[in-house]
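> Just so it is clear, I am handing over start-v3.cif, which has mmCIF, C-alpha atoms.
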```
data_run
loop_
_atom_site.label_atom_id
_atom_site.label_comp_id
_atom_site.auth_asym_id
_atom_site.auth_seq_id
_atom_site.Cartn_x
_atom_site.Cartn_y
_atom_site.Cartn_z
CA MET A 1 -30.11 36.64 1.74
CA ALA A 2 -33.15 36.17 3.99
CA PHE A 3 -34.85 32.93 3.04
CA ALA A 4 -38.60 32.48 3.37
CA ASN A 5 -38.54 29.29 5.40
CA THR A 6 -35.21 27.84 6.56
CA SER A 7 -36.88 24.61 7.77
CA ILE A 8 -37.63 23.69 4.17
CA THR A 9 -34.10 22.35 3.73
CA ASP A 10 -34.64 19.55 6.20
CA VAL A 11 -38.06 18.70 4.78
CA ILE A 12 -36.75 18.33 1.22
CA ALA A 13 -33.64 16.40 2.18
CA VAL A 14 -35.41 14.07 4.62
CA THR A 15 -38.20 13.40 2.12
CA ILE A 16 -35.71 12.41 -0.60
CA ARG A 17 -33.60 10.34 1.82
CA ASN A 18 -36.65 8.50 3.14
CA ARG A 19 -37.81 7.75 -0.39
CA SER A 20 -34.44 6.90 -1.97
CA LYS A 21 -34.95 3.12 -1.99
CA GLU A 22 -38.57 3.53 -3.11
CA ILE A 23 -37.42 5.79 -5.94
CA PHE A 24 -34.77 3.29 -7.01
CA ASP A 25 -37.23 0.40 -6.87
CA ASN A 26 -39.73 2.34 -8.97
CA VAL A 27 -37.01 3.07 -11.53
CA THR A 28 -35.94 -0.57 -11.85
CA ASN A 29 -39.51 -1.90 -11.80
CA ASN A 30 -40.39 0.34 -14.73
CA ASN A 31 -37.93 -1.34 -17.10
CA ALA A 32 -38.07 -5.05 -17.90
CA ILE A 33 -34.30 -5.42 -18.32
CA LEU A 34 -33.46 -3.65 -15.05
CA LEU A 35 -36.19 -5.59 -13.25
CA LYS A 36 -34.82 -8.87 -14.57
CA LEU A 37 -31.35 -7.94 -13.32
CA LYS A 38 -32.78 -7.13 -9.90
CA MET A 39 -34.69 -10.44 -9.80
CA LYS A 40 -31.46 -12.33 -10.55
CA GLY A 41 -29.49 -10.47 -7.88
CA ASN A 42 -27.43 -8.70 -10.54
CA VAL A 43 -27.89 -5.21 -9.11
CA ARG A 44 -24.64 -4.91 -7.19
CA THR A 45 -23.47 -1.67 -5.62
CA ILE A 46 -19.90 -0.51 -5.68
CA SER A 47 -18.16 1.57 -3.01
CA GLY A 48 -15.56 3.39 -5.10
CA GLY A 49 -12.65 3.01 -7.48
CA TYR A 50 -11.54 4.49 -10.79
CA ASP A 51 -13.41 1.87 -12.82
CA ILE A 52 -15.52 -1.29 -12.57
CA ILE A 53 -13.91 -4.56 -13.69
CA GLU A 54 -16.03 -7.61 -14.51
CA THR A 55 -13.92 -10.79 -14.44
CA ILE A 56 -14.21 -12.89 -17.60
CA SER A 57 -12.85 -16.30 -18.57
CA TYR A 58 -11.88 -15.91 -22.19
CA GLN A 59 -10.26 -19.22 -23.12
CA ALA A 60 -9.78 -22.78 -21.88
CA ASN A 61 -6.74 -23.89 -19.89
CA ALA A 62 -4.56 -25.66 -22.46
CA ASN A 63 -2.97 -27.78 -19.69
CA ALA A 64 -6.14 -29.83 -19.42
CA GLY A 65 -5.81 -33.18 -21.16
CA TRP A 66 -5.82 -36.95 -20.89
CA TYR A 67 -2.86 -38.82 -19.38
CA SER A 68 -1.80 -42.33 -18.43
CA GLY A 69 0.31 -43.64 -15.59
CA TYR A 70 3.57 -41.73 -15.14
CA ASP A 71 3.02 -39.29 -18.01
CA GLN A 72 4.39 -35.85 -17.30
CA LEU A 73 1.65 -33.27 -16.87
CA PRO A 74 1.93 -29.78 -18.41
CA VAL A 75 2.25 -27.04 -15.81
CA SER A 76 3.00 -23.98 -17.93
CA ALA A 77 1.32 -20.75 -16.91
CA GLN A 78 -1.95 -20.11 -18.69
CA ASP A 79 -3.59 -16.75 -19.33
CA VAL A 80 -7.27 -17.59 -19.02
CA ILE A 81 -8.73 -14.73 -16.97
CA SER A 82 -9.18 -11.13 -18.04
CA GLY A 83 -11.70 -8.41 -17.31
CA SER A 84 -14.04 -5.98 -19.02
CA GLN A 85 -13.73 -2.36 -17.89
CA PHE A 86 -16.50 0.15 -17.31
CA PHE A 87 -16.70 3.66 -15.88
CA LEU A 88 -19.25 5.43 -13.72
CA LYS A 89 -21.81 7.61 -15.47
CA GLN A 90 -23.76 10.25 -13.54
CA LEU A 91 -27.42 11.21 -13.67
CA ALA A 92 -29.11 14.00 -11.73
CA CYS A 93 -32.43 15.78 -11.44
CA PRO A 94 -32.54 19.09 -9.53
CA ILE A 95 -35.75 19.67 -7.56
CA THR A 96 -36.46 23.33 -6.92
CA ILE A 97 -38.81 25.31 -4.69
CA SER A 98 -39.17 29.07 -4.42
CA GLY A 99 -39.72 31.15 -1.32
CA LEU A 100 -43.18 32.14 -2.61
CA GLU A 101 -44.17 28.48 -3.01
CA GLN A 102 -43.08 27.83 0.56
CA LEU A 103 -45.27 30.67 1.80
CA GLN A 104 -48.20 29.50 -0.30
CA ASN A 105 -47.81 25.96 1.01
CA GLY A 106 -47.45 26.79 4.68
CA GLY A 107 -47.56 23.93 7.14
CA LYS A 108 -45.51 20.78 6.88
CA GLU A 109 -48.38 18.66 5.55
CA LYS A 110 -49.11 20.95 2.61
CA LEU A 111 -45.41 21.40 1.98
CA LYS A 112 -44.79 17.66 1.92
CA ASP A 113 -47.62 17.26 -0.58
CA LEU A 114 -45.92 19.75 -2.90
CA LEU A 115 -42.54 18.10 -2.43
CA ASP A 116 -43.98 14.62 -3.02
CA GLU A 117 -45.39 15.81 -6.32
CA ARG A 118 -42.08 17.34 -7.39
CA ILE A 119 -40.05 14.36 -6.22
CA GLY A 120 -42.49 12.13 -8.09
CA VAL A 121 -41.83 14.08 -11.28
CA GLY A 122 -38.09 13.87 -10.62
CA GLU A 123 -38.41 10.13 -10.06
CA SER A 124 -40.24 9.69 -13.37
CA SER A 125 -37.68 11.83 -15.16
CA MET A 126 -34.79 9.80 -13.72
CA SER A 127 -36.60 6.57 -14.56
CA ASN A 128 -37.06 7.60 -18.18
CA LYS A 129 -33.44 8.69 -18.54
CA LEU A 130 -32.11 5.48 -17.00
CA ALA A 131 -34.47 3.33 -19.09
CA ALA A 132 -33.24 5.09 -22.24
CA GLY A 133 -29.67 4.63 -21.05
CA VAL A 134 -30.15 0.86 -21.02
CA TYR A 135 -30.15 1.01 -24.84
CA ALA A 136 -27.52 3.74 -25.20
CA ASP A 137 -24.06 3.26 -26.70
CA GLY A 138 -22.32 5.69 -24.34
CA THR A 139 -21.71 8.43 -26.91
CA GLY A 140 -24.78 10.57 -26.19
CA SER A 141 -24.65 13.84 -24.26
CA GLY A 142 -20.98 14.23 -25.11
CA GLY A 143 -20.08 10.74 -23.93
CA LYS A 144 -21.80 11.14 -20.55
CA GLU A 145 -24.59 8.58 -21.09
CA LEU A 146 -24.57 4.96 -19.98
CA VAL A 147 -22.76 2.38 -22.06
CA GLY A 148 -25.73 0.08 -22.57
CA LEU A 149 -26.98 -2.42 -25.13
CA GLY A 150 -26.21 -0.01 -27.95
CA ALA A 151 -22.56 -0.88 -27.38
CA ALA A 152 -22.85 -4.36 -25.84
CA VAL A 153 -25.15 -6.03 -28.39
CA VAL A 154 -24.69 -4.79 -31.93
CA ALA A 155 -25.46 -5.66 -35.54
CA SER A 156 -21.75 -5.84 -36.48
CA PRO A 157 -20.16 -7.65 -33.53
CA SER A 158 -16.66 -7.97 -35.04
CA THR A 159 -16.10 -4.21 -34.94
CA GLY A 160 -15.53 -1.64 -32.21
CA THR A 161 -14.34 -1.75 -28.62
CA TYR A 162 -16.67 -2.60 -25.76
CA GLY A 163 -15.70 -2.81 -22.10
CA GLY A 164 -12.13 -2.01 -23.07
CA ILE A 165 -11.85 -5.10 -25.33
CA ASP A 166 -11.36 -4.81 -29.09
CA ARG A 167 -13.91 -7.12 -30.71
CA SER A 168 -12.00 -7.22 -33.99
CA LEU A 169 -9.13 -8.98 -32.16
CA TRP A 170 -11.04 -11.14 -29.69
CA PRO A 171 -13.85 -13.33 -31.16
CA PHE A 172 -14.90 -14.50 -27.68
CA TRP A 173 -16.16 -10.98 -26.96
CA ARG A 174 -18.50 -10.76 -29.97
CA ASN A 175 -22.24 -11.03 -29.45
CA GLN A 176 -24.25 -13.25 -31.76
CA ALA A 177 -26.13 -11.57 -34.61
CA THR A 178 -28.45 -12.57 -37.42
CA GLY A 179 -27.27 -10.05 -40.00
CA SER A 180 -29.89 -8.46 -42.23
CA LEU A 181 -32.75 -10.90 -42.73
CA GLY A 182 -35.15 -8.61 -44.50
CA ALA A 183 -38.51 -7.94 -42.94
CA PRO A 184 -39.72 -11.13 -41.20
CA ASP A 185 -43.40 -12.06 -41.22
CA LYS A 186 -45.50 -14.23 -38.97
CA THR A 187 -44.58 -17.36 -40.95
CA THR A 188 -40.81 -16.84 -40.87
CA ILE A 189 -39.97 -15.05 -37.64
CA GLN A 190 -39.93 -18.06 -35.34
CA GLY A 191 -37.58 -20.01 -37.59
CA GLN A 192 -35.24 -17.01 -37.70
CA MET A 193 -35.43 -16.64 -33.92
CA ASN A 194 -34.63 -20.35 -33.54
CA THR A 195 -31.41 -19.93 -35.52
CA LEU A 196 -30.18 -17.06 -33.34
CA TYR A 197 -31.31 -18.64 -30.07
CA ASN A 198 -29.59 -21.96 -30.84
CA SER A 199 -26.32 -20.16 -31.65
CA MET A 200 -26.34 -18.71 -28.13
CA VAL A 201 -26.81 -21.90 -26.12
CA ARG A 202 -23.91 -23.46 -24.17
CA GLY A 203 -25.11 -26.19 -21.88
CA THR A 204 -27.46 -24.52 -19.42
CA ASP A 205 -26.43 -21.04 -20.61
CA MET A 206 -29.18 -19.66 -22.82
CA PRO A 207 -31.17 -16.45 -23.32
CA ASP A 208 -33.69 -15.71 -20.58
CA LEU A 209 -35.04 -12.36 -21.84
CA ILE A 210 -35.95 -11.11 -25.32
CA VAL A 211 -36.91 -7.45 -25.65
CA GLY A 212 -38.30 -5.67 -28.69
CA ALA A 213 -40.27 -2.61 -29.77
CA ASN A 214 -43.74 -2.50 -31.33
CA SER A 215 -42.95 -3.54 -34.88
CA ILE A 216 -40.88 -6.66 -34.27
CA PHE A 217 -42.88 -7.64 -31.19
CA GLY A 218 -46.07 -7.36 -33.23
CA VAL A 219 -44.75 -9.75 -35.88
CA TYR A 220 -43.82 -12.29 -33.22
CA GLU A 221 -47.21 -11.83 -31.55
CA ALA A 222 -48.98 -12.43 -34.86
CA SER A 223 -47.08 -15.71 -35.24
CA LEU A 224 -48.69 -16.87 -31.99
CA GLN A 225 -52.18 -15.64 -32.73
CA THR A 226 -53.78 -19.07 -32.99
CA LEU A 227 -52.11 -20.11 -29.74
CA GLN A 228 -52.33 -16.74 -28.00
CA ARG A 229 -51.49 -16.90 -24.33
CA PHE A 230 -49.62 -14.69 -21.91
CA THR A 231 -46.96 -16.03 -19.64
CA ASP A 232 -47.54 -16.11 -15.89
CA SER A 233 -43.94 -15.03 -15.19
CA LYS A 234 -43.22 -12.30 -12.65
CA LEU A 235 -42.62 -9.83 -15.46
CA GLY A 236 -46.16 -10.46 -16.70
CA GLN A 237 -47.57 -10.19 -13.20
CA LEU A 238 -45.92 -6.79 -12.79
CA GLY A 239 -47.63 -5.34 -15.84
CA PHE A 240 -45.26 -6.02 -18.72
CA THR A 241 -46.69 -7.42 -21.96
CA THR A 242 -44.91 -10.79 -22.18
CA TYR A 243 -44.92 -14.12 -23.93
CA LYS A 244 -42.71 -17.16 -23.53
CA TYR A 245 -40.26 -18.28 -26.20
CA LYS A 246 -38.60 -21.53 -25.16
CA GLY A 247 -37.40 -20.56 -21.66
CA ALA A 248 -37.16 -16.82 -22.26
CA ASP A 249 -39.62 -14.02 -21.53
CA VAL A 250 -40.43 -12.01 -24.66
CA VAL A 251 -41.22 -8.46 -23.52
CA LEU A 252 -42.60 -5.42 -25.30
CA ASP A 253 -40.64 -2.22 -24.73
CA GLY A 254 -42.64 -0.01 -27.02
CA GLY A 255 -45.77 2.07 -27.01
CA ILE A 256 -45.59 5.46 -25.34
CA GLY A 257 -42.07 6.23 -24.24
CA GLY A 258 -40.53 2.96 -25.38
CA ASN A 259 -36.78 3.10 -25.84
CA CYS A 260 -35.94 -0.10 -27.69
CA PRO A 261 -34.81 0.53 -31.29
CA ALA A 262 -37.32 -0.38 -34.01
CA ASN A 263 -37.07 -3.74 -35.77
CA VAL A 264 -34.63 -5.19 -33.24
CA PHE A 265 -34.99 -8.05 -30.77
CA TYR A 266 -32.33 -8.18 -28.06
CA PHE A 267 -31.73 -11.79 -26.99
CA LEU A 268 -30.21 -11.44 -23.53
CA ASN A 269 -28.63 -13.85 -21.11
CA THR A 270 -28.95 -11.71 -18.01
CA LYS A 271 -26.65 -14.01 -16.03
CA TYR A 272 -23.83 -11.98 -17.58
CA LEU A 273 -25.33 -8.48 -17.30
CA PHE A 274 -25.18 -6.25 -14.22
CA LEU A 275 -26.42 -2.90 -12.96
CA ARG A 276 -23.69 -1.42 -10.78
CA PRO A 277 -24.86 1.70 -8.91
CA HIS A 278 -22.55 3.49 -6.50
CA LYS A 279 -23.75 2.96 -2.94
CA ASP A 280 -23.52 6.70 -2.20
CA ARG A 281 -25.27 7.84 -5.40
CA ASN A 282 -28.21 5.47 -5.68
CA MET A 283 -31.12 7.92 -6.03
CA VAL A 284 -30.11 10.08 -3.09
CA SER A 285 -30.07 13.76 -2.22
CA LEU A 286 -26.63 15.24 -2.83
CA ASP A 287 -24.79 16.87 0.05
CA PRO A 288 -24.83 19.63 0.98
CA SER A 289 -28.61 19.29 0.97
CA ARG A 290 -29.31 23.00 0.85
CA ARG A 291 -28.24 24.84 -2.31
CA VAL A 292 -29.50 28.40 -2.12
CA ALA A 293 -29.46 30.75 -5.10
CA ILE A 294 -27.32 33.87 -4.62
CA ASN A 295 -29.75 36.21 -6.36
CA GLN A 296 -33.08 34.36 -6.04
CA ASP A 297 -35.51 33.46 -3.27
CA ALA A 298 -35.27 29.77 -4.14
CA GLU A 299 -33.34 26.63 -3.35
CA VAL A 300 -32.47 23.37 -5.08
CA ASN A 301 -32.05 19.80 -3.91
CA ILE A 302 -30.44 17.37 -6.34
CA LEU A 303 -31.64 13.79 -6.76
CA ALA A 304 -28.60 11.87 -8.03
CA TRP A 305 -27.52 8.48 -9.35
CA ALA A 306 -24.17 7.18 -10.55
CA GLY A 307 -23.29 3.78 -11.90
CA ALA A 308 -22.82 1.60 -14.93
CA ILE A 309 -24.30 -1.32 -16.82
CA THR A 310 -21.62 -3.98 -17.10
CA CYS A 311 -21.16 -7.30 -18.86
CA SER A 312 -19.02 -10.37 -18.23
CA GLY A 313 -20.19 -12.40 -21.25
CA ALA A 314 -20.85 -10.48 -24.47
CA GLN A 315 -20.76 -13.71 -26.49
CA PHE A 316 -23.93 -14.87 -24.71
CA GLN A 317 -26.00 -11.92 -25.98
CA GLY A 318 -27.79 -11.75 -29.33
CA TYR A 319 -28.92 -9.15 -31.86
CA PHE A 320 -31.93 -10.01 -34.05
CA GLN A 321 -32.15 -7.58 -36.95
CA GLY A 322 -35.70 -7.65 -38.26
CA SER A 323 -35.23 -5.51 -41.35
#
```
Would you mind writing the structure in this file as structure tokens?


Amino acid sequence: MAFANTSITDVIAVTIRNRSKEIFDNVTNNNAILLKLKMKGNVRTISGGYDIIETISYQANANAGWYSGYDQLPVSAQDVISGSQFFLKQLACPITISGLEQLQNGGKEKLKDLLDERIGVGESSMSNKLAAGVYADGTGSGGKELVGLGAAVVASPSTGTYGGIDRSLWPFWRNQATGSLGAPDKTTIQGQMNTLYNSMVRGTDMPDLIVGANSIFGVYEASLQTLQRFTDSKLGQLGFTTYKYKGADVVLDGGIGGNCPANVFYFLNTKYLFLRPHKDRNMVSLDPSRRVAINQDAEVNILAWAGAITCSGAQFQGYFQGS
């Protein structure tokens, strides 16, 4: 098939390749949870493998103990290390251009303008899908979606399997949860948040990010009305609506296109959460770059991502049920 402009392949591919890091940064910067992970250095690429294992310490070494003088010390083997298991999920956005559009946008400058617009739309589409995936439980789209907070931080933490670990058998792998509190109001919500927060503290381990949608965020905001002030944290500086609660940023993920479930606050200790993109699928153009239709004067380039959201400490996460 004669194609209208064979040089278009290089222009599309090079444009996507040159913008791949910018696209990824825009995706992460558009979601408070992903941005927090990036700020903590918890965006860690992988290079391959069947799965992703996060090492976890699930119990104390029973050999530790007091002794005196010539007491014999216990040296029996101790099983204290295990791992949570996660699998790569794939996300793609095809970017198409027809032969007619190439002719109508002759000249590299005009063509790049058209491609920038389409790549920008693809970037936004990928960003929205990945942001929604943060809250997914991994069952959507026939099990192809990310295993996110919908599986990691749940209302009934003693049920189900997450990261390959059965929570009904292993209490250490259960997130903290309030249970049903009824609808909180501005006079009760902070006391209820205190109870959950305090149950999650272990020494210097404590929640550093609390995320909620309009309804629950609005109740918390109303409780601060007489003392209203925004935090000067980096999340606030980058445009997120935030407050401070103890040491944690409280962030609104609501409004237009918000993905956080209604009436839920996620209390997160992001020290134990990770975004693990594959180094060869981190918002890049798939090879081969040129994919030409057999029976159309058109071609497609595919913007692709693959990775997982992983956890090494489910017990340090919290679910606040505000209904």

> Residues near Gly163 in chain A, anyone? I mean within 8 Å using only C-alpha atoms, not counting same-chain ones fewer than 4 positions away, as a list in words.

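Contacts, in chain order: Ser84, Gln85, Phe86, Thr310 and Cys311 of chain A.
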
> Taking into account all atoms listed in the file, which residue in the set A:Pro171, A:Phe316, A:Leu37, A:Gly148 is nearest to Gly203 in chain A?

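Counting all atoms listed in the file, the residue closest to Gly203 in chain A is A:Phe316.
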
> Tell me which protein, DNA and RNA residues are within 10 Å of Ser156 in chain A, counting all atoms listed in the file, leaving out same-chain ones fewer than 5 positions away, and put them as JSON, numbers by chain.

{"A": [167, 174, 175, 176, 177, 178, 179, 319]}

> Which is closer to Thr55 in chain A than all the others in A:Asp253, A:Ser98, A:Ser82, A:Asn105, using all atoms listed in the file?

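Distance minimum relative to Thr55 in chain A lands on A:Ser82.
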
> Find the residues with any atom within 12 Å of (-29.9, -7.6, -8.8); use all atoms listed in the file and the coordinates as given in the file, and write the answer as a ChimeraX atom specification.

/A:25,28-29,33-45,270-277,309
